[in-house]
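The file run-v4.txt contains compact mmCIF, C-alpha atoms and all ligand atoms:
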```
# COMPACT_ATOMS: atom_id res chain seq x y z
CA MET A 1 92.42 74.20 108.74
CA THR A 2 92.69 70.45 108.21
CA PRO A 3 96.08 69.57 106.73
CA VAL A 4 95.91 66.68 104.28
CA GLN A 5 98.93 64.44 104.51
CA ALA A 6 99.85 61.33 102.60
CA PRO A 7 101.03 58.43 104.72
CA TYR A 8 104.74 57.79 105.09
CA PRO A 9 106.80 57.28 102.91
CA ALA A 10 104.87 59.36 100.35
CA ASN A 11 104.91 62.08 102.96
CA ARG A 12 108.39 62.78 104.29
CA PRO A 13 108.34 66.15 106.10
CA ARG A 14 112.13 66.16 106.11
CA ARG A 15 112.13 66.87 102.33
CA LEU A 16 111.21 70.47 103.05
CA ARG A 17 113.96 70.77 105.64
CA ALA A 18 116.69 69.38 103.40
CA SER A 19 118.38 72.67 102.49
CA GLY A 20 118.45 76.31 103.46
CA ALA A 21 116.74 77.17 100.19
CA LEU A 22 113.82 74.85 100.83
CA ARG A 23 113.55 75.91 104.46
CA ASP A 24 113.46 79.59 103.48
CA LEU A 25 110.87 78.88 100.81
CA VAL A 26 108.39 77.36 103.25
CA ALA A 27 109.14 79.51 106.30
CA GLU A 28 105.80 80.59 107.77
CA THR A 29 107.11 83.76 109.36
CA THR A 30 110.03 86.10 108.83
CA LEU A 31 111.79 88.71 110.89
CA SER A 32 112.99 91.99 109.47
CA PRO A 33 114.44 95.18 110.97
CA SER A 34 111.09 96.84 110.28
CA ASP A 35 109.54 94.64 113.00
CA LEU A 36 111.68 96.22 115.70
CA ILE A 37 111.28 99.07 118.16
CA TRP A 38 114.46 99.97 120.01
CA PRO A 39 114.10 101.07 123.66
CA VAL A 40 116.89 103.49 124.67
CA PHE A 41 117.84 105.08 127.98
CA VAL A 42 118.46 108.81 127.98
CA ARG A 43 120.51 110.69 130.58
CA ASP A 44 121.79 114.23 130.97
CA GLY A 45 125.21 115.46 129.89
CA GLU A 46 126.99 115.51 126.57
CA GLY A 47 129.01 112.89 124.78
CA VAL A 48 128.06 110.34 127.44
CA GLU A 49 127.54 106.63 126.85
CA GLU A 50 127.39 104.94 130.21
CA PRO A 51 127.05 101.14 130.36
CA VAL A 52 124.15 99.66 132.33
CA ALA A 53 125.80 96.98 134.48
CA SER A 54 122.83 94.62 134.57
CA MET A 55 122.28 94.87 130.79
CA PRO A 56 125.63 94.19 129.08
CA GLY A 57 125.82 96.08 125.80
CA VAL A 58 123.10 98.59 126.76
CA MET A 59 124.00 102.23 127.43
CA ARG A 60 122.50 105.28 129.01
CA ARG A 61 123.11 107.98 126.43
CA SER A 62 123.14 111.74 126.56
CA ILE A 63 120.84 113.40 124.03
CA ASP A 64 123.56 113.97 121.40
CA LYS A 65 124.41 110.26 121.57
CA VAL A 66 120.74 109.30 121.39
CA VAL A 67 120.50 111.30 118.19
CA GLU A 68 123.52 109.43 116.79
CA ALA A 69 121.85 106.17 117.79
CA ALA A 70 118.65 107.26 116.04
CA ARG A 71 120.59 107.91 112.84
CA GLU A 72 122.19 104.48 113.08
CA ALA A 73 118.83 102.82 113.78
CA ALA A 74 117.14 104.53 110.85
CA ASP A 75 120.00 103.50 108.56
CA LEU A 76 119.54 99.91 109.72
CA GLY A 77 115.85 100.04 108.81
CA ILE A 78 114.53 100.16 112.39
CA PRO A 79 111.31 102.21 112.19
CA ALA A 80 110.94 103.33 115.79
CA MET A 81 112.76 104.11 118.98
CA CYS A 82 111.30 104.25 122.45
CA LEU A 83 112.71 106.68 125.02
CA PHE A 84 113.15 106.07 128.73
CA PRO A 85 114.68 108.83 130.84
CA TYR A 86 117.16 108.13 133.61
CA THR A 87 116.24 110.69 136.22
CA SER A 88 118.38 111.66 139.13
CA ALA A 89 117.01 112.01 142.66
CA GLU A 90 116.41 115.78 142.44
CA HIS A 91 113.86 115.29 139.64
CA ARG A 92 111.88 112.77 141.67
CA THR A 93 109.19 114.53 143.67
CA ALA A 94 105.86 113.66 145.24
CA ASP A 95 103.97 115.78 142.66
CA CYS A 96 105.95 114.28 139.71
CA ALA A 97 105.87 117.72 138.04
CA GLU A 98 108.93 116.94 135.91
CA ALA A 99 106.75 114.45 133.99
CA TRP A 100 104.94 117.25 132.12
CA ASN A 101 107.81 119.71 131.96
CA PRO A 102 108.04 120.55 128.22
CA ASP A 103 111.83 120.67 128.64
CA ASN A 104 112.37 117.44 130.55
CA LEU A 105 114.97 115.00 129.30
CA SER A 106 112.53 112.86 127.35
CA ASN A 107 110.89 115.82 125.59
CA ARG A 108 114.25 117.41 124.72
CA ALA A 109 115.43 114.08 123.32
CA THR A 110 112.25 113.75 121.25
CA ARG A 111 112.73 117.19 119.73
CA ALA A 112 116.41 116.53 119.01
CA ILE A 113 115.67 113.22 117.29
CA LYS A 114 112.77 114.59 115.25
CA ALA A 115 114.95 117.52 114.11
CA ALA A 116 117.90 115.36 113.07
CA VAL A 117 116.30 112.06 112.00
CA PRO A 118 112.69 112.88 111.14
CA GLU A 119 112.05 109.54 109.46
CA ILE A 120 112.34 107.52 112.67
CA ALA A 121 109.21 107.29 114.80
CA VAL A 122 109.69 108.35 118.40
CA MET A 123 107.73 106.50 121.05
CA THR A 124 107.62 107.86 124.58
CA ASP A 125 106.70 106.29 127.88
CA VAL A 126 103.67 107.61 129.72
CA ALA A 127 104.04 106.75 133.41
CA LEU A 128 105.12 108.61 136.51
CA ASP A 129 107.80 106.24 137.81
CA PRO A 130 110.84 108.15 136.45
CA TYR A 131 109.62 111.27 138.26
CA SER A 132 108.20 109.94 141.48
CA ASP A 133 110.10 109.67 144.75
CA THR A 134 108.35 106.34 145.42
CA GLY A 135 109.32 104.66 142.13
CA HIS A 136 105.63 103.92 141.49
CA ASP A 137 103.83 104.61 138.22
CA GLY A 138 101.16 106.62 140.04
CA PHE A 139 100.67 108.93 143.01
CA VAL A 140 100.77 107.25 146.39
CA VAL A 141 98.27 108.42 149.01
CA ASP A 142 98.15 106.66 152.38
CA GLY A 143 100.09 103.75 150.95
CA ARG A 144 97.71 103.26 148.00
CA ILE A 145 98.39 104.05 144.36
CA VAL A 146 95.52 106.36 143.50
CA ASN A 147 94.02 105.93 140.05
CA ASP A 148 92.10 109.00 138.93
CA ALA A 149 94.51 111.69 140.12
CA THR A 150 97.26 109.73 138.39
CA VAL A 151 95.29 109.65 135.13
CA GLU A 152 94.99 113.46 135.22
CA ALA A 153 98.77 113.71 135.57
CA LEU A 154 99.34 111.15 132.80
CA VAL A 155 97.19 113.24 130.46
CA LYS A 156 99.39 116.28 131.12
CA GLN A 157 102.49 114.15 130.54
CA ALA A 158 101.05 112.74 127.31
CA LEU A 159 100.17 116.19 125.96
CA ALA A 160 103.70 117.46 126.69
CA GLN A 161 105.14 114.47 124.83
CA ALA A 162 102.84 115.00 121.85
CA GLU A 163 103.75 118.68 121.84
CA ALA A 164 107.45 117.73 121.75
CA GLY A 165 106.77 115.68 118.60
CA ALA A 166 106.34 112.11 119.80
CA ASP A 167 104.75 109.89 117.14
CA ILE A 168 103.62 107.11 119.47
CA LEU A 169 102.67 107.38 123.13
CA GLY A 170 103.17 104.27 125.24
CA PRO A 171 101.16 104.36 128.46
CA SER A 172 102.96 101.79 130.64
CA ASP A 173 101.31 102.74 133.91
CA MET A 174 98.33 100.32 134.02
CA MET A 175 95.94 102.84 135.59
CA ASP A 176 92.28 102.36 134.63
CA GLY A 177 90.81 104.80 132.12
CA ARG A 178 94.07 106.35 131.00
CA VAL A 179 93.81 105.46 127.31
CA GLY A 180 90.39 107.09 126.90
CA ALA A 181 91.46 110.16 128.86
CA MET A 182 94.63 110.55 126.82
CA ARG A 183 92.83 110.00 123.53
CA GLY A 184 90.21 112.63 124.36
CA ALA A 185 92.84 115.18 125.38
CA LEU A 186 94.93 114.52 122.27
CA GLU A 187 91.88 115.03 120.02
CA SER A 188 90.95 118.27 121.80
CA ALA A 189 94.48 119.59 121.46
CA GLY A 190 94.63 118.84 117.72
CA HIS A 191 97.00 115.88 118.10
CA TRP A 192 94.65 113.58 116.22
CA ASP A 193 97.56 111.86 114.45
CA VAL A 194 99.53 110.86 117.53
CA ALA A 195 99.23 107.10 117.97
CA ILE A 196 98.78 105.24 121.23
CA MET A 197 100.40 101.87 121.82
CA SER A 198 98.94 100.83 125.13
CA TYR A 199 100.76 98.53 127.47
CA ALA A 200 97.44 96.71 127.64
CA ALA A 201 98.54 93.45 129.24
CA LYS A 202 101.44 94.41 131.43
CA TYR A 203 102.22 91.91 134.15
CA ALA A 204 103.75 92.46 137.60
CA SER A 205 106.97 90.76 136.60
CA ALA A 206 110.34 89.97 138.12
CA PHE A 207 111.82 90.40 134.65
CA TYR A 208 111.82 94.23 134.92
CA GLY A 209 114.67 94.24 137.48
CA PRO A 210 117.52 95.39 135.20
CA PHE A 211 115.32 98.15 133.68
CA ARG A 212 114.71 99.63 137.09
CA ASP A 213 118.50 99.81 137.55
CA ALA A 214 118.84 101.41 134.13
CA VAL A 215 116.38 104.22 134.88
CA GLY A 216 117.45 104.65 138.49
CA ALA A 217 114.14 103.44 139.94
CA SER A 218 115.35 100.40 141.90
CA ALA A 219 116.48 102.39 144.93
CA ALA A 220 113.33 104.51 144.90
CA LEU A 221 110.77 101.71 144.57
CA LYS A 222 109.00 100.85 147.78
CA GLY A 223 106.92 97.70 147.66
CA ASP A 224 105.71 96.09 144.45
CA LYS A 225 103.38 97.00 141.58
CA LYS A 226 100.84 94.22 142.06
CA THR A 227 97.87 96.52 142.69
CA TYR A 228 98.06 97.86 139.16
CA GLN A 229 100.11 95.49 137.00
CA MET A 230 98.54 92.14 136.17
CA ASP A 231 98.87 88.82 137.96
CA PRO A 232 101.03 86.44 135.86
CA ALA A 233 98.46 83.72 136.56
CA ASN A 234 95.88 85.41 134.34
CA SER A 235 95.11 85.09 130.64
CA ASP A 236 91.39 85.90 130.17
CA GLU A 237 92.01 89.15 132.02
CA ALA A 238 94.57 90.12 129.36
CA LEU A 239 91.85 89.84 126.73
CA ARG A 240 89.57 92.09 128.79
CA MET A 241 92.37 94.65 129.13
CA VAL A 242 93.08 94.64 125.41
CA ALA A 243 89.38 94.92 124.55
CA ARG A 244 89.03 97.86 126.91
CA ASP A 245 92.08 99.72 125.62
CA LEU A 246 91.03 99.25 122.00
CA ALA A 247 87.54 100.48 122.87
CA GLU A 248 89.08 103.56 124.52
CA GLY A 249 91.06 104.43 121.40
CA ALA A 250 94.37 102.57 121.51
CA ASP A 251 95.80 102.10 117.98
CA MET A 252 98.14 99.28 118.96
CA VAL A 253 98.39 97.02 121.95
CA MET A 254 101.29 95.47 123.75
CA VAL A 255 101.93 92.40 125.86
CA LYS A 256 104.73 92.62 128.40
CA PRO A 257 107.00 90.81 129.26
CA GLY A 258 107.54 88.88 126.04
CA LEU A 259 108.88 85.34 125.93
CA PRO A 260 107.14 84.00 129.05
CA TYR A 261 103.86 85.45 127.73
CA LEU A 262 103.76 84.25 124.11
CA ASP A 263 100.48 82.47 124.87
CA ILE A 264 98.97 85.87 125.64
CA CYS A 265 100.36 87.34 122.40
CA ARG A 266 98.75 84.55 120.41
CA ARG A 267 95.36 84.89 122.12
CA VAL A 268 95.35 88.69 121.73
CA LYS A 269 96.24 88.57 118.05
CA GLU A 270 93.71 85.85 117.29
CA ARG A 271 90.88 87.47 119.21
CA PHE A 272 91.25 91.09 118.11
CA GLY A 273 93.48 91.16 115.01
CA ALA A 274 94.77 94.56 116.10
CA PRO A 275 98.40 95.59 115.68
CA THR A 276 99.98 93.57 118.49
CA PHE A 277 103.42 94.06 119.97
CA ALA A 278 105.45 92.34 122.63
CA TYR A 279 108.13 93.84 124.84
CA GLN A 280 111.15 91.60 125.25
CA VAL A 281 112.03 93.18 128.57
CA SER A 282 115.28 93.92 130.35
CA GLY A 283 115.40 90.64 132.30
CA GLU A 284 114.90 88.60 129.14
CA TYR A 285 117.70 90.53 127.45
CA ALA A 286 119.95 90.16 130.50
CA MET A 287 119.40 86.39 130.71
CA ILE A 288 120.37 85.81 127.09
CA ARG A 289 123.35 88.16 127.26
CA ALA A 290 124.61 86.73 130.56
CA ALA A 291 124.45 83.15 129.29
CA ALA A 292 126.17 84.18 126.06
CA LEU A 293 128.92 86.04 127.91
CA ASN A 294 129.52 82.90 129.95
CA GLY A 295 129.82 80.87 126.77
CA TRP A 296 126.77 78.82 127.74
CA ILE A 297 124.65 79.64 124.69
CA ASP A 298 125.26 81.07 121.26
CA GLY A 299 124.12 84.65 121.94
CA GLU A 300 123.46 85.63 118.33
CA ARG A 301 121.42 82.56 117.58
CA ALA A 302 119.45 82.86 120.80
CA MET A 303 118.76 86.53 120.02
CA MET A 304 117.48 85.82 116.51
CA GLU A 305 115.50 82.76 117.57
CA SER A 306 113.80 84.62 120.41
CA LEU A 307 112.85 87.54 118.15
CA GLY A 308 111.53 85.19 115.49
CA CYS A 309 109.36 83.43 118.06
CA PHE A 310 107.41 86.64 118.65
CA LYS A 311 106.53 86.75 114.97
CA ARG A 312 105.46 83.10 115.06
CA ALA A 313 103.28 83.85 118.09
CA GLY A 314 101.43 86.43 116.01
CA CYS A 315 103.13 89.69 117.00
CA ASP A 316 103.46 92.45 114.43
CA GLY A 317 106.56 93.76 116.09
CA ILE A 318 108.83 93.59 119.11
CA LEU A 319 110.32 96.14 121.47
CA SER A 320 113.77 94.79 122.14
CA TYR A 321 117.14 95.98 123.41
CA PHE A 322 118.56 93.63 120.77
CA ALA A 323 117.10 95.78 117.96
CA PRO A 324 120.34 97.30 116.60
CA ALA A 325 122.38 94.09 117.04
CA ALA A 326 119.68 92.03 115.33
CA ALA A 327 119.27 94.54 112.51
CA ARG A 328 123.03 94.62 111.96
CA LEU A 329 123.10 90.85 111.75
CA MET A 330 120.20 90.86 109.27
CA ALA A 331 121.99 93.49 107.16
CA ALA A 332 125.08 91.27 107.05
CA CYS A 333 123.16 88.23 105.79
C1 LIG B 1 107.57 101.57 134.04
C2 LIG B 1 108.19 100.68 133.01
C3 LIG B 1 108.86 99.51 133.30
C4 LIG B 1 109.32 99.00 132.10
C5 LIG B 1 108.91 99.86 131.09
N1 LIG B 1 108.19 100.91 131.67
C6 LIG B 1 109.18 98.88 134.60
C7 LIG B 1 108.13 98.69 135.60
O1 LIG B 1 106.95 98.58 135.31
O2 LIG B 1 108.52 98.67 136.76
C8 LIG B 1 110.11 97.72 131.99
C9 LIG B 1 110.92 97.52 130.77
C10 LIG B 1 111.95 96.46 130.88
O3 LIG B 1 112.07 95.73 131.89
O4 LIG B 1 112.70 96.33 129.91
N2 LIG B 1 106.64 102.47 133.63
```

Conversion result in structure tokens:
Amino acid sequence: MTPVQAPYPANRPRRLRASGALRDLVAETTLSPSDLIWPVFVRDGEGVEEPVASMPGVMRRSIDKVVEAAREAADLGIPAMCLFPYTSAEHRTADCAEAWNPDNLSNRATRAIKAAVPEIAVMTDVALDPYSDTGHDGFVVDGRIVNDATVEALVKQALAQAEAGADILGPSDMMDGRVGAMRGALESAGHWDVAIMSYAAKYASAFYGPFRDAVGASAALKGDKKTYQMDPANSDEALRMVARDLAEGADMVMVKPGLPYLDICRRVKERFGAPTFAYQVSGEYAMIRAAALNGWIDGERAMMESLGCFKRAGCDGILSYFAPAAARLMAAC
């Protein structure tokens, strides 16, 4: 595209910024509640909403409260919710068997939401870290995270989630070959209409810290995730990961974290044109909320601006803990 512009003063770009009406008219991107996926933390119990200290405004909810939240989200026009279980120490074992228990917290929550609020799409997380005593996303053998045995377990976990009624599976584990293995197993089991949003370009990031508190993984995690999550220095590698996951049958791809990786979002969208999502992760949420609570930034404006930037970068949608707050604000406007 070669923009043609008259010389100043015939061309005065400020004319199109002169009023809200003109600015709205020429806005290149828009944000709506339908762009949002709301990640929620599920815990056991009943009637429980327990604040997550490192994520002000975010709760761990018992299943009944998650269902209430799903109703609220659907009414706000949010099309999808993503479930993360908070698992206590007794459900964390070396074999991670709780991951494919049809009655684990995540699967019970999925069934409860689909029964009460069928119109909201439920996305589930495919990874072993909530169930492993090491806090890693895969099995650890002799200090190494083993790939292929982990993929077999992830397939069992994915099938249990599909069986429970999940609409979208989100493999966040970064093992090699998991998307193809999951896709094949889903087809064989008749779950041809269950979508996969792969965490295709997921970086080994410091911005996941508050999430690990929220799901109870911080204490468990030994070491780091650098042998499977990507090096933040890399960009071409993200394109290779996205190409691979699409070739293995992913329906949608994700870049994670979000704001520090908008360059990756743009490259992925431009190169592949596939449905592309970004995850505005816990640390990004915590930074904005903490600054707002200190009175250092306008929290609402920073929230809306940051979400809008994902759309400008080319994303089709955003996973964000801000989803209900942003949707409420949009409904009020
Ligand atoms: C782990 C998982 C993580 C997040 C989503 N799934 C953390 C990690 O990789 O350690 C992070 C989400 C966030 O920080 O908001 N499977």

**Request:** Identify, on the basis of only C-alpha atoms, every residue whose closest approach to Ser88 (chain A) does not exceed 10 Å; exclude the query and any residue fewer than 2 positions from it along the same chain; express the result as a list of chain:residue names.
**Result:**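 My list of contacting residues is A:Arg43, A:Asp44, A:Pro85, A:Tyr86, A:Glu90, A:His91, A:Arg92, A:Pro130, A:Tyr131, A:Val215, A:Gly216, A:Ala217.
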
**Request:** May I have the residues within 8 Å of Asp35 (chain A) as an MDAnalysis selection string, using only C-alpha atoms and disregarding those fewer than 3 positions away in the same chain?
**Result:** chainID A and resid 31:32 78:79 316:318

**Request:** Kindly give the distance, in Å, that separates CA of Ser106 (chain A) and CA of Val253 (chain A), rounded to a single decimal.
**Result:** 21.9 Å

**Message:** Set the distance at 8 Å and use all atoms listed in the file: which residues neighbour Leu259 (chain A) once local chain neighbours fewer than 5 positions away are removed? I'd like the list as an MDAnalysis selection string.
**Reply:** chainID A and resid 280 284 306 310

Atoms kept (C-alpha atoms) for selection, written as a compact mmCIF listing (two decimals), in the frame of the given file:
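Result went into part.txt, see below:
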```
# COMPACT_ATOMS: atom_id res chain seq x y z
CA GLN A 280 111.15 91.60 125.25
CA GLU A 284 114.90 88.60 129.14
CA SER A 306 113.80 84.62 120.41
CA PHE A 310 107.41 86.64 118.65
```

Each side padded by 5 Å, which centre and which edge lengths in Å (one decimal) define the axis-aligned box around the listed atoms of region 100-111 of chain A? Give them as lines of an AutoDock Vina configuration file.
```
center_x = 110.2
center_y = 116.8
center_z = 125.9
size_x = 20.5
size_y = 17.8
size_z = 22.4
```

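The residues sitting within 7 Å of ligand LIG 1 (chain B), with all atoms listed in the file considered, come out as A:Asp125, A:Ala127, A:Leu128, A:Asp129, A:Asp137, A:Ser172, A:Asp173, A:Phe207, A:Tyr208, A:Gly209, A:Pro210, A:Phe211, A:Arg212, A:Gln280, A:Val281, A:Ser282, A:Gly283.
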
**Request:** Using only C-alpha atoms, give me every residue within 10 Å of (118.2, 111.7, 122.3) in file coordinates, as JSON, numbers by chain.
**Result:** {"A": [40, 41, 42, 43, 44, 61, 62, 63, 64, 65, 66, 67, 68, 69, 70, 81, 83, 84, 85, 105, 106, 107, 108, 109, 110, 111, 112, 113, 114, 116, 122]}

**Request:** Name the closest residue to Val141 (chain A) among the candidates A:Met254, A:Ala94, A:Leu159, A:Ile196; distances are taken between atoms, counting only C-alpha atoms.
**Result:** A:Ala94

**Prompt:** For the atom pair CA of Ala89 (chain A) and CA of Asp133 (chain A), what is the interatomic distance in Å to one decimal place?
**Reply:** 7.6 Å

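CA of Ala206 (chain A) is found 29.5 Å from CA of Thr30 (chain A).
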
**Item:** Top pick for closest residue to Leu221 (chain A), considering A:Gly135, A:Tyr199, A:Leu186, A:Ala115 and counting only C-alpha atoms
**Value:**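 Result for the nearest residue to Leu221 (chain A): A:Gly135.
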
**Message:** Which residue is closest to Pro257 (chain A)? Choose from A:Gly180, A:Gly47, A:Pro324, A:Pro232 and count all atoms listed in the file.
**Reply:**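 Looking only at the distances to Pro257 (chain A), the closest residue turns out to be A:Pro232.
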
Could you model N, CA, C and O atoms for region 135-153 of chain A and present them as a tab-separated table (two decimals), in the coordinates of the input?
```tsv
chain	number	residue	atom	x	y	z
A	135	GLY	N	109.03	105.65	143.17
A	135	GLY	CA	109.32	104.66	142.13
A	135	GLY	C	108.07	104.03	141.56
A	135	GLY	O	108.14	103.16	140.68
A	136	HIS	N	106.88	104.48	142.02
A	136	HIS	CA	105.63	103.92	141.49
A	136	HIS	C	105.18	104.68	140.24
A	136	HIS	O	105.56	105.82	140.01
A	137	ASP	N	104.32	104.01	139.47
A	137	ASP	CA	103.83	104.61	138.22
A	137	ASP	C	102.70	105.61	138.47
A	137	ASP	O	102.22	106.26	137.52
A	138	GLY	N	102.23	105.69	139.71
A	138	GLY	CA	101.16	106.62	140.04
A	138	GLY	C	101.43	107.30	141.36
A	138	GLY	O	102.41	106.99	142.05
A	139	PHE	N	100.55	108.24	141.72
A	139	PHE	CA	100.67	108.93	143.01
A	139	PHE	C	100.33	107.96	144.13
A	139	PHE	O	99.42	107.14	144.00
A	140	VAL	N	101.04	108.11	145.23
A	140	VAL	CA	100.77	107.25	146.39
A	140	VAL	C	100.15	108.10	147.49
A	140	VAL	O	100.71	109.13	147.89
A	141	VAL	N	98.95	107.71	147.92
A	141	VAL	CA	98.27	108.42	149.01
A	141	VAL	C	97.90	107.38	150.08
A	141	VAL	O	97.21	106.40	149.76
A	142	ASP	N	98.38	107.60	151.28
A	142	ASP	CA	98.15	106.66	152.38
A	142	ASP	C	98.50	105.22	151.98
A	142	ASP	O	97.74	104.28	152.24
A	143	GLY	N	99.62	105.09	151.30
A	143	GLY	CA	100.09	103.75	150.95
A	143	GLY	C	99.39	103.10	149.76
A	143	GLY	O	99.69	101.97	149.40
A	144	ARG	N	98.40	103.83	149.17
A	144	ARG	CA	97.71	103.26	148.00
A	144	ARG	C	98.05	104.07	146.76
A	144	ARG	O	98.20	105.28	146.81
A	145	ILE	N	98.13	103.37	145.62
A	145	ILE	CA	98.39	104.05	144.36
A	145	ILE	C	97.04	104.52	143.84
A	145	ILE	O	96.18	103.70	143.47
A	146	VAL	N	96.84	105.84	143.83
A	146	VAL	CA	95.52	106.36	143.50
A	146	VAL	C	95.36	106.45	141.98
A	146	VAL	O	96.28	106.85	141.27
A	147	ASN	N	94.22	106.07	141.50
A	147	ASN	CA	94.02	105.93	140.05
A	147	ASN	C	93.72	107.26	139.34
A	147	ASN	O	94.45	107.69	138.44
A	148	ASP	N	92.62	107.93	139.76
A	148	ASP	CA	92.10	109.00	138.93
A	148	ASP	C	92.98	110.25	138.92
A	148	ASP	O	93.15	110.89	137.88
A	149	ALA	N	93.59	110.55	140.08
A	149	ALA	CA	94.51	111.69	140.12
A	149	ALA	C	95.72	111.38	139.25
A	149	ALA	O	96.27	112.27	138.57
A	150	THR	N	96.13	110.12	139.24
A	150	THR	CA	97.26	109.73	138.39
A	150	THR	C	96.91	109.91	136.91
A	150	THR	O	97.71	110.43	136.13
A	151	VAL	N	95.69	109.52	136.54
A	151	VAL	CA	95.29	109.65	135.13
A	151	VAL	C	95.35	111.11	134.70
A	151	VAL	O	95.82	111.43	133.60
A	152	GLU	N	94.91	112.02	135.57
A	152	GLU	CA	94.99	113.46	135.22
A	152	GLU	C	96.43	113.87	134.94
A	152	GLU	O	96.70	114.63	134.01
A	153	ALA	N	97.36	113.38	135.77
A	153	ALA	CA	98.77	113.71	135.57
A	153	ALA	C	99.30	113.08	134.28
A	153	ALA	O	100.06	113.70	133.53
```
